[in-house]
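File shown here: protein.txt, holding compact mmCIF, C-alpha atoms.
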# COMPACT_ATOMS: atom_id res chain seq x y z
CA MET V 1 69.74 48.64 127.74
CA THR V 2 66.17 47.66 128.49
CA ILE V 3 63.95 46.00 125.95
CA ARG V 4 61.58 48.94 126.30
CA LEU V 5 64.28 51.42 125.23
CA GLN V 6 65.31 49.14 122.40
CA ILE V 7 61.74 49.11 121.13
CA VAL V 8 61.32 52.90 121.44
CA ILE V 9 64.58 53.57 119.56
CA GLY V 10 63.71 50.89 117.01
CA ILE V 11 60.35 52.51 116.28
CA MET V 12 61.94 55.96 115.93
CA LEU V 13 64.52 54.63 113.50
CA ALA V 14 61.90 52.71 111.53
CA ILE V 15 59.78 55.86 111.19
CA ALA V 16 62.84 57.76 109.96
CA VAL V 17 63.67 55.05 107.39
CA VAL V 18 60.09 54.91 106.13
CA SER V 19 59.79 58.69 105.80
CA ILE V 20 63.11 58.99 103.94
CA ILE V 21 62.11 56.20 101.53
CA ASN V 22 58.77 57.91 101.10
CA MET V 23 60.46 61.22 100.28
CA ILE V 24 62.69 59.49 97.73
CA ARG V 25 59.62 57.79 96.28
CA LYS V 26 57.90 61.15 95.87
CA LYS V 27 61.09 62.62 94.36
CA LYS V 28 61.41 65.15 97.16
CA PHE V 29 64.82 63.77 98.08
CA ASP V 30 67.45 62.52 95.66
CA LEU V 31 68.55 58.94 96.35
CA ARG V 32 72.10 60.01 95.73
CA TYR V 33 71.99 62.26 98.78
CA GLY V 34 69.56 60.12 100.75
CA LEU V 35 71.66 56.99 100.53
CA SER V 36 74.15 57.97 103.24
CA TRP V 37 71.29 58.83 105.58
CA LEU V 38 69.60 55.51 104.90
CA CYS V 39 72.84 53.63 105.51
CA MET V 40 73.34 55.44 108.78
CA LEU V 41 69.81 54.62 109.93
CA VAL V 42 70.14 50.97 108.95
CA VAL V 43 73.42 50.65 110.86
CA ALA V 44 71.75 52.26 113.88
CA LEU V 45 68.84 49.85 113.56
CA VAL V 46 71.16 46.83 113.44
CA LEU V 47 72.98 48.07 116.54
CA ASP V 48 69.65 48.61 118.27
CA ILE V 49 68.53 45.07 117.56
CA PHE V 50 71.89 43.50 118.40
CA PRO V 51 73.39 45.71 121.13
CA GLY V 52 76.02 43.05 121.73
CA ILE V 53 77.89 44.43 118.71
CA VAL V 54 78.30 47.78 120.48
CA PHE V 55 79.59 46.14 123.63
CA GLY V 56 82.03 44.01 121.67
CA LEU V 57 83.34 46.92 119.59
CA ALA V 58 83.67 49.21 122.61
CA HIS V 59 85.70 46.58 124.38
CA LEU V 60 87.80 46.03 121.25
CA ILE V 61 88.90 49.68 120.83
CA GLY V 62 89.18 50.27 124.56
CA ILE V 63 86.16 52.40 125.41
CA ASP V 64 84.95 51.55 128.93
CA LEU V 65 81.37 52.73 128.55
CA PRO V 66 79.59 51.31 125.48
CA SER V 67 77.21 54.31 125.38
CA ASN V 68 80.25 56.55 124.91
CA MET V 69 81.09 54.60 121.80
CA VAL V 70 77.59 55.18 120.45
CA PHE V 71 78.02 58.92 121.00
CA PHE V 72 81.49 58.90 119.48
CA VAL V 73 80.52 56.98 116.34
CA GLY V 74 77.32 59.04 116.02
CA LEU V 75 79.28 62.28 116.21
CA ILE V 76 81.76 61.13 113.55
CA PHE V 77 78.90 60.11 111.29
CA ALA V 78 77.19 63.48 111.78
CA ILE V 79 80.40 65.43 111.10
CA LEU V 80 81.03 63.43 107.93
CA LEU V 81 77.51 64.08 106.68
CA ILE V 82 77.76 67.81 107.41
CA PHE V 83 81.16 68.01 105.76
CA THR V 84 80.07 66.28 102.56
CA THR V 85 77.06 68.60 102.50
CA ALA V 86 79.34 71.65 102.80
CA VAL V 87 81.50 70.36 99.95
CA SER V 88 78.48 69.83 97.76
CA VAL V 89 77.10 73.29 98.60
CA SER V 90 80.42 74.76 97.53
CA ARG V 91 80.35 72.84 94.26
CA MET V 92 76.76 73.83 93.74
CA SER V 93 77.51 77.52 94.19
CA ASP V 94 80.28 77.23 91.61
CA ARG V 95 77.91 75.65 89.13
CA MET V 96 75.22 78.20 89.84
CA LYS V 97 77.70 81.01 89.24
CA LYS V 98 78.66 79.58 85.85
CA LEU V 99 75.05 79.09 84.83
CA THR V 100 74.13 82.60 85.91
CA GLN V 101 76.96 84.07 83.87
CA GLU V 102 76.13 82.03 80.79
CA LEU V 103 72.48 82.92 81.11
CA ALA V 104 73.27 86.63 81.34
CA LEU V 105 75.54 86.45 78.27
CA VAL V 106 72.96 84.53 76.23
CA GLN V 107 70.26 86.98 77.32
CA LYS V 108 72.45 89.83 76.15
CA GLU V 109 72.98 88.27 72.75
CA LEU V 110 69.28 87.58 72.44
CA ASP V 111 68.40 91.18 73.29
CA GLU V 112 70.86 92.48 70.73
CA LEU V 113 69.53 90.11 68.08
CA LYS V 114 65.98 91.23 68.75
CA LYS V 115 66.97 94.87 68.59
CA HIS V 116 68.82 94.24 65.36
CA GLN V 117 65.73 92.60 63.86
CA GLU V 118 63.47 95.46 64.90
CA ASP V 119 65.83 98.00 63.39
CA LYS V 120 65.67 96.33 60.01
CA MET Q 1 92.95 97.33 69.82
CA LYS Q 2 89.59 96.64 71.49
CA LYS Q 3 89.33 97.91 75.04
CA LEU Q 4 86.51 97.31 77.49
CA VAL Q 5 85.55 98.96 80.76
CA ILE Q 6 83.82 96.53 83.14
CA ILE Q 7 81.56 98.33 85.61
CA PRO Q 8 80.13 96.06 88.30
CA ALA Q 9 77.01 97.66 89.75
CA PHE Q 10 74.91 96.68 92.71
CA ASN Q 11 72.37 99.34 93.69
CA GLU Q 12 74.08 102.26 91.97
CA GLN Q 13 70.99 103.95 90.54
CA ALA Q 14 72.20 107.41 91.59
CA SER Q 15 75.70 107.23 90.14
CA ILE Q 16 75.72 104.74 87.26
CA GLN Q 17 74.72 107.29 84.63
CA LYS Q 18 77.45 109.70 85.72
CA THR Q 19 80.02 106.90 85.65
CA VAL Q 20 79.10 105.91 82.10
CA GLN Q 21 79.09 109.55 80.96
CA ASP Q 22 82.57 109.99 82.49
CA ILE Q 23 83.84 107.09 80.39
CA LYS Q 24 82.18 108.35 77.20
CA ASP Q 25 83.68 111.82 77.74
CA ASN Q 26 87.14 110.99 79.06
CA ALA Q 27 87.94 107.58 77.60
CA PRO Q 28 86.18 107.60 74.23
CA ASP Q 29 88.26 104.77 72.75
CA PHE Q 30 86.96 102.35 75.39
CA ASP Q 31 83.76 100.33 75.12
CA TYR Q 32 82.01 99.71 78.40
CA ILE Q 33 79.62 97.24 79.93
CA VAL Q 34 77.69 97.61 83.17
CA ILE Q 35 77.20 94.35 85.07
CA ASN Q 36 73.95 94.71 86.95
CA ASP Q 37 74.37 92.24 89.81
CA CYS Q 38 70.65 91.85 90.38
CA SER Q 39 70.28 95.27 91.99
CA THR Q 40 67.24 95.75 94.19
CA ASP Q 41 66.93 99.44 93.35
CA ASP Q 42 66.31 101.04 89.93
CA THR Q 43 69.82 100.54 88.52
CA LEU Q 44 68.52 98.35 85.71
CA LYS Q 45 65.70 100.75 84.88
CA VAL Q 46 68.12 103.69 84.74
CA CYS Q 47 70.39 101.67 82.43
CA GLU Q 48 67.61 100.62 80.08
CA GLU Q 49 66.00 104.04 79.89
CA ASN Q 50 69.31 105.65 79.01
CA GLY Q 51 70.44 103.04 76.52
CA ILE Q 52 73.36 101.99 78.71
CA ASN Q 53 75.04 98.75 77.62
CA VAL Q 54 74.20 96.37 80.44
CA LEU Q 55 74.64 92.69 81.29
CA LYS Q 56 71.80 91.47 83.49
CA LEU Q 57 72.70 88.80 86.04
CA PRO Q 58 69.51 86.90 86.91
CA VAL Q 59 70.69 86.17 90.46
CA ASN Q 60 73.05 88.11 92.70
CA LEU Q 61 76.61 86.74 92.47
CA GLY Q 62 78.54 89.26 94.54
CA ILE Q 63 81.45 91.34 93.35
CA GLY Q 64 83.71 88.48 92.22
CA GLY Q 65 81.10 86.70 90.13
CA ALA Q 66 79.86 89.97 88.66
CA VAL Q 67 83.31 91.13 87.59
CA GLN Q 68 84.09 87.68 86.23
CA SER Q 69 80.99 87.93 84.02
CA GLY Q 70 82.58 91.07 82.60
CA TYR Q 71 85.82 89.22 81.87
CA LEU Q 72 83.84 86.42 80.26
CA TYR Q 73 82.06 88.99 78.08
CA ALA Q 74 85.40 90.60 77.21
CA TYR Q 75 86.94 87.25 76.30
CA ARG Q 76 84.02 86.07 74.16
CA ASN Q 77 83.86 89.39 72.34
CA GLY Q 78 87.54 89.49 71.50
CA TYR Q 79 88.72 92.37 73.67
CA ASP Q 80 92.48 92.85 74.04
CA VAL Q 81 92.31 94.97 77.16
CA ALA Q 82 89.78 95.07 80.00
CA VAL Q 83 89.62 97.33 83.00
CA GLN Q 84 87.54 97.15 86.16
CA PHE Q 85 85.93 100.40 87.11
CA ASP Q 86 83.65 101.08 90.09
CA GLY Q 87 80.10 102.21 89.39
CA ASP Q 88 79.91 104.45 92.45
CA GLY Q 89 81.91 107.43 91.23
CA GLN Q 90 85.17 106.61 93.07
CA HIS Q 91 87.18 106.21 89.88
CA SER Q 92 87.90 108.74 87.14
CA ALA Q 93 87.94 107.71 83.50
CA LYS Q 94 90.63 110.25 82.64
CA TYR Q 95 93.29 107.81 83.89
CA LEU Q 96 92.25 104.96 81.63
CA GLY Q 97 94.21 106.14 78.60
CA GLU Q 98 97.39 106.43 80.63
CA MET Q 99 96.83 103.02 82.20
CA ALA Q 100 96.42 101.47 78.76
CA LYS Q 101 99.63 103.12 77.63
CA THR Q 102 101.47 101.79 80.68
CA LEU Q 103 100.10 98.32 79.99
CA THR Q 104 101.51 98.21 76.45
CA ASP Q 105 104.69 100.24 77.04
CA ASN Q 106 105.77 98.09 80.00
CA GLU Q 107 104.49 94.86 78.51
CA ALA Q 108 102.66 94.41 81.80
CA ASP Q 109 99.90 91.92 82.40
CA MET Q 110 98.08 94.07 84.93
CA VAL Q 111 98.13 97.78 85.68
CA ILE Q 112 96.66 98.89 89.00
CA GLY Q 113 95.45 102.43 89.59
CA SER Q 114 97.05 103.23 92.95
CA ARG Q 115 96.07 105.88 95.51
CA PHE Q 116 99.31 105.43 97.43
CA ILE Q 117 102.06 106.51 95.05
CA THR Q 118 101.50 110.23 95.17
CA ASN Q 119 99.14 109.95 98.18
CA GLU Q 120 96.79 112.48 96.68
CA GLY Q 121 93.02 112.57 96.77
CA PHE Q 122 90.78 110.37 98.89
CA GLN Q 123 93.04 108.17 100.98
CA SER Q 124 90.45 105.94 102.66
CA SER Q 125 90.04 105.79 106.44
CA PHE Q 126 92.90 105.13 108.85
CA MET Q 127 91.75 101.58 109.63
CA ARG Q 128 91.46 100.76 105.96
CA ARG Q 129 94.98 102.01 105.34
CA VAL Q 130 96.23 99.74 108.14
CA GLY Q 131 94.52 96.84 106.38
CA ILE Q 132 95.98 97.81 103.03
CA LYS Q 133 99.47 98.06 104.59
CA HIS Q 134 99.00 94.53 105.93
CA PHE Q 135 98.21 93.25 102.42
CA ASN Q 136 101.17 95.18 101.09
CA VAL Q 137 103.57 93.45 103.45
CA LEU Q 138 101.92 90.09 102.89
CA ILE Q 139 102.27 90.34 99.10
CA LYS Q 140 105.90 91.35 99.54
CA MET Q 141 106.49 88.30 101.74
CA LEU Q 142 104.61 85.90 99.50
CA THR Q 143 105.83 87.02 96.11
CA GLY Q 144 108.60 89.57 96.62
CA ALA Q 145 106.66 92.12 94.58
CA THR Q 146 105.66 95.59 95.72
CA VAL Q 147 102.04 96.42 95.07
CA THR Q 148 101.21 99.79 96.56
CA ASP Q 149 97.41 99.52 96.36
CA PRO Q 150 96.39 95.84 96.36
CA THR Q 151 92.74 96.54 97.21
CA SER Q 152 92.25 99.03 94.38
CA GLY Q 153 89.25 98.12 92.26
CA MET Q 154 90.69 99.97 89.27
CA ARG Q 155 92.71 97.34 87.44
CA MET Q 156 93.51 96.93 83.78
CA VAL Q 157 94.59 93.62 82.28
CA ASN Q 158 95.67 92.21 78.93
CA ARG Q 159 94.08 89.42 76.91
CA ASP Q 160 96.04 86.67 78.73
CA ILE Q 161 94.64 87.70 82.09
CA ILE Q 162 91.16 88.29 80.64
CA LYS Q 163 91.14 84.65 79.67
CA LEU Q 164 92.55 83.55 83.01
CA PHE Q 165 90.06 85.58 85.04
CA SER Q 166 87.15 84.43 82.90
CA LEU Q 167 87.97 80.88 83.98
CA ASP Q 168 89.13 81.45 87.52
CA TYR Q 169 88.35 84.44 89.68
CA PRO Q 170 87.79 84.65 93.45
CA LYS Q 171 84.15 84.96 94.51
CA ASP Q 172 84.31 87.57 97.22
CA TYR Q 173 86.87 90.27 98.06
CA PRO Q 174 88.79 89.30 94.92
CA GLU Q 175 91.33 92.10 94.49
CA PRO Q 176 94.34 91.21 96.70
CA GLU Q 177 93.87 87.48 96.14
CA SER Q 178 93.84 87.74 92.35
CA VAL Q 179 96.97 89.92 92.42
CA VAL Q 180 98.83 87.18 94.30
CA GLN Q 181 97.30 84.61 91.95
CA ILE Q 182 98.77 86.19 88.82
CA ILE Q 183 102.12 87.25 90.30
CA SER Q 184 102.60 83.63 91.42
CA MET Q 185 102.19 82.63 87.79
CA GLY Q 186 105.02 84.93 86.83
CA LYS Q 187 102.82 87.71 85.46
CA LYS Q 188 103.92 91.32 85.60
CA VAL Q 189 101.93 93.78 87.71
CA VAL Q 190 102.64 97.51 87.50
CA ASP Q 191 100.96 100.38 89.31
CA VAL Q 192 100.31 103.93 88.21
CA PRO Q 193 99.26 106.86 90.40
CA VAL Q 194 95.60 107.84 90.29
CA ILE Q 195 93.43 110.10 92.38
CA MET Q 196 90.24 108.56 93.69
CA ASN Q 197 87.15 110.32 94.98
CA GLU Q 198 85.26 109.58 98.12
CA ARG Q 199 82.19 107.66 97.05
CA THR Q 200 79.29 109.99 96.45
CA GLU Q 201 76.56 107.36 96.57
CA GLY Q 202 76.04 103.83 97.79
CA VAL Q 203 77.81 101.95 100.55
CA SER Q 204 81.03 99.97 100.61
CA SER Q 205 80.72 96.22 100.29
CA ILE Q 206 82.89 95.93 103.41
CA SER Q 207 80.99 97.12 106.48
CA PRO Q 208 82.88 97.67 109.78
CA GLY Q 209 81.43 94.47 111.25
CA LYS Q 210 82.64 92.43 108.32
CA SER Q 211 86.13 93.90 108.27
CA ILE Q 212 87.64 91.37 110.70
CA TYR Q 213 86.19 88.53 108.64
CA TYR Q 214 87.44 90.28 105.52
CA MET Q 215 91.01 90.58 106.80
CA ILE Q 216 91.18 86.94 107.91
CA LYS Q 217 89.50 85.56 104.81
CA VAL Q 218 91.63 87.55 102.36
CA THR Q 219 94.85 86.77 104.24
CA ILE Q 220 94.20 83.03 104.08
CA ALA Q 221 93.02 83.28 100.47
CA MET Q 222 96.26 85.05 99.51
CA ILE Q 223 98.43 82.43 101.18
CA ILE Q 224 96.48 79.64 99.48
CA ALA Q 225 96.67 81.45 96.13
CA ARG Q 226 100.45 81.45 96.54
CA ILE Q 227 100.74 77.70 97.21
CA ARG Q 228 98.18 76.73 94.58
CA LYS Q 229 99.54 75.08 91.48
Let's see the structure in the file written out as structure tokens.
Amino acid sequence: MTIRLQIVIGIMLAIAVVSIINMIRKKKFDLRYGLSWLCMLVVALVLDIFPGIVFGLAHLIGIDLPSNMVFFVGLIFAILLIFTTAVSVSRMSDRMKKLTQELALVQKELDELKKHQEDK
Amino acid sequence: MKKLVIIPAFNEQASIQKTVQDIKDNAPDFDYIVINDCSTDDTLKVCEENGINVLKLPVNLGIGGAVQSGYLYAYRNGYDVAVQFDGDGQHSAKYLGEMAKTLTDNEADMVIGSRFITNEGFQSSFMRRVGIKHFNVLIKMLTGATVTDPTSGMRMVNRDIIKLFSLDYPKDYPEPESVVQIISMGKKVVDVPVIMNERTEGVSSISPGKSIYYMIKVTIAMIIARIRK
């Protein structure tokens, strides 16, 4: 890996980290959900600065080409993030369903109460 | 005994009034509630102008969530019996009395209005019947029970099941799955013959393109419902 590539990747990662922190700062992104992204970016940044880690790890688990290990780990990370998002969407839709139902029932009671008052 | 008809309605402006009138005329000892699942047509307007008892969902939940709102309403308001009834004119209220009688006489937990006992009236298309047969066999394999019309949307349940469904009901294509769900819990499901009409208005929630997805999804859901504890 050339120094030039290291710098380009480093800058890209730094921009990503800064914009995510900025979004969290402006409350456009919840830290709870942003944390895993930040961690991922920081790990990538560390690997970018110290590529020796990648070479060592690739050798350790028996991957010939260190770049393949980067792709492999990256893919696993991405799949995990997507999966946890899917799980949270599913939970969210459950909660939304409950809220919708409660809201409709409360609305109904309110309407009946109002009608009852008017009739008096 | 308090009895409630739950009528889920999504874009049924043309038929909802007829459906409610049918219940008032032919099942006078039943209360009813229309669940307006955020219709995009004038269903809500028709309901409000005609003084129809309606529950207004603020966002669209789909058939499962809409029906479950009805069960929640039934549970909170102390109903002993609740029955699902389509808003599109497919079902006839004249069978409700008999279904209620079957429910109490047989001490059943659920009574399903079935098209396939006497095989009279609207029998659905050939492909649909193949699908229904598949669910039939699957239920038999999973639970040992015979349910002649597992996709029927005309189902009456007692207070136990009202409570159960108000807490836990499948979101989409709920009928076959929820039958397996309650039979697995040792509940008793009985069917009675009814005659259904071809829908006069509106479209089925299962379009031809979705039917493959429907079959796969419901099959898996039924198997999972069986192994759930």
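The spacing separating atom CA of Q:Val194 from atom CA of Q:Ile223 amounts to 27.8 Å.
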Sorted by chain and rising residue number, list the residues of chain V at most 12 Å from chain Q (counting only C-alpha atoms), each with its closest atom pair and distance in Å to one decimal, as a Markdown table.
| residue | atom | partner | partner_atom | distance |
| --- | --- | --- | --- | --- |
| V:Ser90 | CA | Q:Lys171 | CA | 11.3 |
| V:Ser93 | CA | Q:Leu61 | CA | 9.4 |
| V:Asp94 | CA | Q:Lys171 | CA | 9.1 |
| V:Arg95 | CA | Q:Gly65 | CA | 11.5 |
| V:Met96 | CA | Q:Leu61 | CA | 9.0 |
| V:Lys97 | CA | Q:Leu61 | CA | 6.7 |
| V:Lys98 | CA | Q:Gly65 | CA | 8.7 |
| V:Leu99 | CA | Q:Pro58 | CA | 9.8 |
| V:Thr100 | CA | Q:Leu57 | CA | 6.4 |
| V:Gln101 | CA | Q:Ser69 | CA | 5.6 |
| V:Glu102 | CA | Q:Ser69 | CA | 8.3 |
| V:Leu103 | CA | Q:Pro58 | CA | 7.6 |
| V:Ala104 | CA | Q:Leu57 | CA | 5.2 |
| V:Leu105 | CA | Q:Leu55 | CA | 7.0 |
| V:Val106 | CA | Q:Leu55 | CA | 9.7 |
| V:Gln107 | CA | Q:Lys56 | CA | 7.8 |
| V:Lys108 | CA | Q:Leu55 | CA | 6.3 |
| V:Glu109 | CA | Q:Leu55 | CA | 9.8 |
| V:Leu110 | CA | Q:Leu55 | CA | 11.5 |
| V:Asp111 | CA | Q:Leu55 | CA | 10.3 |
| V:Glu112 | CA | Q:Asn53 | CA | 10.2 |
| V:Lys115 | CA | Q:Gly51 | CA | 11.9 |
Fewer than 2 positions away in the same chain doesn't count, so skip those; otherwise give me all residues within 9 Å of V:Phe55, counting all atoms listed in the file, as a PDB file with C-alpha atoms, in the coordinates of the input.
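Writing the result to out.pdb gives the following:
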ATOM      1  CA  PRO V  51      73.390  45.710 121.130  1.00  0.00           C
ATOM      2  CA  GLY V  52      76.020  43.050 121.730  1.00  0.00           C
ATOM      3  CA  ILE V  53      77.890  44.430 118.710  1.00  0.00           C
ATOM      4  CA  LEU V  57      83.340  46.920 119.590  1.00  0.00           C
ATOM      5  CA  ALA V  58      83.670  49.210 122.610  1.00  0.00           C
ATOM      6  CA  HIS V  59      85.700  46.580 124.380  1.00  0.00           C
ATOM      7  CA  LEU V  60      87.800  46.030 121.250  1.00  0.00           C
ATOM      8  CA  LEU V  65      81.370  52.730 128.550  1.00  0.00           C
ATOM      9  CA  PRO V  66      79.590  51.310 125.480  1.00  0.00           C
ATOM     10  CA  SER V  67      77.210  54.310 125.380  1.00  0.00           C
ATOM     11  CA  MET V  69      81.090  54.600 121.800  1.00  0.00           C
TER      12      MET V  69
END
Checklist outcome for this item: Expressed in Å, the length from atom CA of Q:Pro170 to atom CA of Q:Gly144 is 21.6 Å
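Residues within 12 Å of V:Leu41, counting all atoms listed in the file and excluding same-chain residues fewer than 6 positions away, are Ile9, Gly10, Ile11, Met12, Leu13, Ala14, Ile15, Ala16, Val17, Val18, Ser19, Ile20, Ile21, Gly34, Leu35, Leu47, Asp48, Gly74, Phe77 and Ala78 of chain V.
Taking atom CA of V:Thr85 and atom CA of V:Tyr33 as the two end points, the separation is 8.9 Å.
Proximity to V:Gln6 was assessed for V:Glu118, V:Asn22, V:Leu45, V:Phe29 counting all atoms listed in the file; the smallest distance is recorded for V:Leu45.
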Next on the checklist: I want to know what sits within 10 Å of V:Ser36, based on all atoms listed in the file, with residues of the same chain fewer than 6 positions away left out; could you give that as a VMD selection string?
Outcome noted: chain V and resid 42 77 80 to 81
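Proximity ranking of Q:Cys47, Q:Tyr213, Q:Glu198, Q:Ala221 relative to Q:Ser178 places Q:Ala221 first, based on only C-alpha atoms.
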Which residues, written as a PDB file with C-alpha atoms, keeping the file's coordinate frame, have at least one atom at most 7 Å from stretch 118-123 of chain Q, with only C-alpha atoms counted and residues fewer than 5 positions away on the same chain left out?
ATOM      1  CA  PRO Q 193      99.260 106.860  90.400  1.00  0.00           C
ATOM      2  CA  ILE Q 195      93.430 110.100  92.380  1.00  0.00           C
ATOM      3  CA  MET Q 196      90.240 108.560  93.690  1.00  0.00           C
ATOM      4  CA  ASN Q 197      87.150 110.320  94.980  1.00  0.00           C
ATOM      5  CA  GLU Q 198      85.260 109.580  98.120  1.00  0.00           C
TER       6      GLU Q 198
END
Next on the checklist: Which residues are close to Q:Glu98, i.e. within 12 Å by all atoms listed in the file, leaving aside same-chain residues fewer than 2 positions away? Reply as a PyMOL selection string.
Outcome noted: chain Q and resi 26-27+92-96+100-106+111-113+156+191-194
Can you write out the residues you just picked, keeping C-alpha atoms, as a PDB file, in the frame of the given file?
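New file result_4.pdb:
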ATOM      1  CA  ASN Q  26      87.140 110.990  79.060  1.00  0.00           C
ATOM      2  CA  ALA Q  27      87.940 107.580  77.600  1.00  0.00           C
ATOM      3  CA  SER Q  92      87.900 108.740  87.140  1.00  0.00           C
ATOM      4  CA  ALA Q  93      87.940 107.710  83.500  1.00  0.00           C
ATOM      5  CA  LYS Q  94      90.630 110.250  82.640  1.00  0.00           C
ATOM      6  CA  TYR Q  95      93.290 107.810  83.890  1.00  0.00           C
ATOM      7  CA  LEU Q  96      92.250 104.960  81.630  1.00  0.00           C
ATOM      8  CA  ALA Q 100      96.420 101.470  78.760  1.00  0.00           C
ATOM      9  CA  LYS Q 101      99.630 103.120  77.630  1.00  0.00           C
ATOM     10  CA  THR Q 102     101.470 101.790  80.680  1.00  0.00           C
ATOM     11  CA  LEU Q 103     100.100  98.320  79.990  1.00  0.00           C
ATOM     12  CA  THR Q 104     101.510  98.210  76.450  1.00  0.00           C
ATOM     13  CA  ASP Q 105     104.690 100.240  77.040  1.00  0.00           C
ATOM     14  CA  ASN Q 106     105.770  98.090  80.000  1.00  0.00           C
ATOM     15  CA  VAL Q 111      98.130  97.780  85.680  1.00  0.00           C
ATOM     16  CA  ILE Q 112      96.660  98.890  89.000  1.00  0.00           C
ATOM     17  CA  GLY Q 113      95.450 102.430  89.590  1.00  0.00           C
ATOM     18  CA  MET Q 156      93.510  96.930  83.780  1.00  0.00           C
ATOM     19  CA  ASP Q 191     100.960 100.380  89.310  1.00  0.00           C
ATOM     20  CA  VAL Q 192     100.310 103.930  88.210  1.00  0.00           C
ATOM     21  CA  PRO Q 193      99.260 106.860  90.400  1.00  0.00           C
ATOM     22  CA  VAL Q 194      95.600 107.840  90.290  1.00  0.00           C
TER      23      VAL Q 194
END
Next on the checklist: Which residue is closest to Q:Ser166? Choose from Q:Asp41, Q:Tyr71, Q:Gln13, Q:Ile182 and count all atoms listed in the file.
Outcome noted: Q:Tyr71
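You can rank Q:Arg129, Q:His91, Q:His134, Q:Lys3 by their closest distance to Q:Ile216 using only C-alpha atoms, and at the top of that list sits Q:His134.
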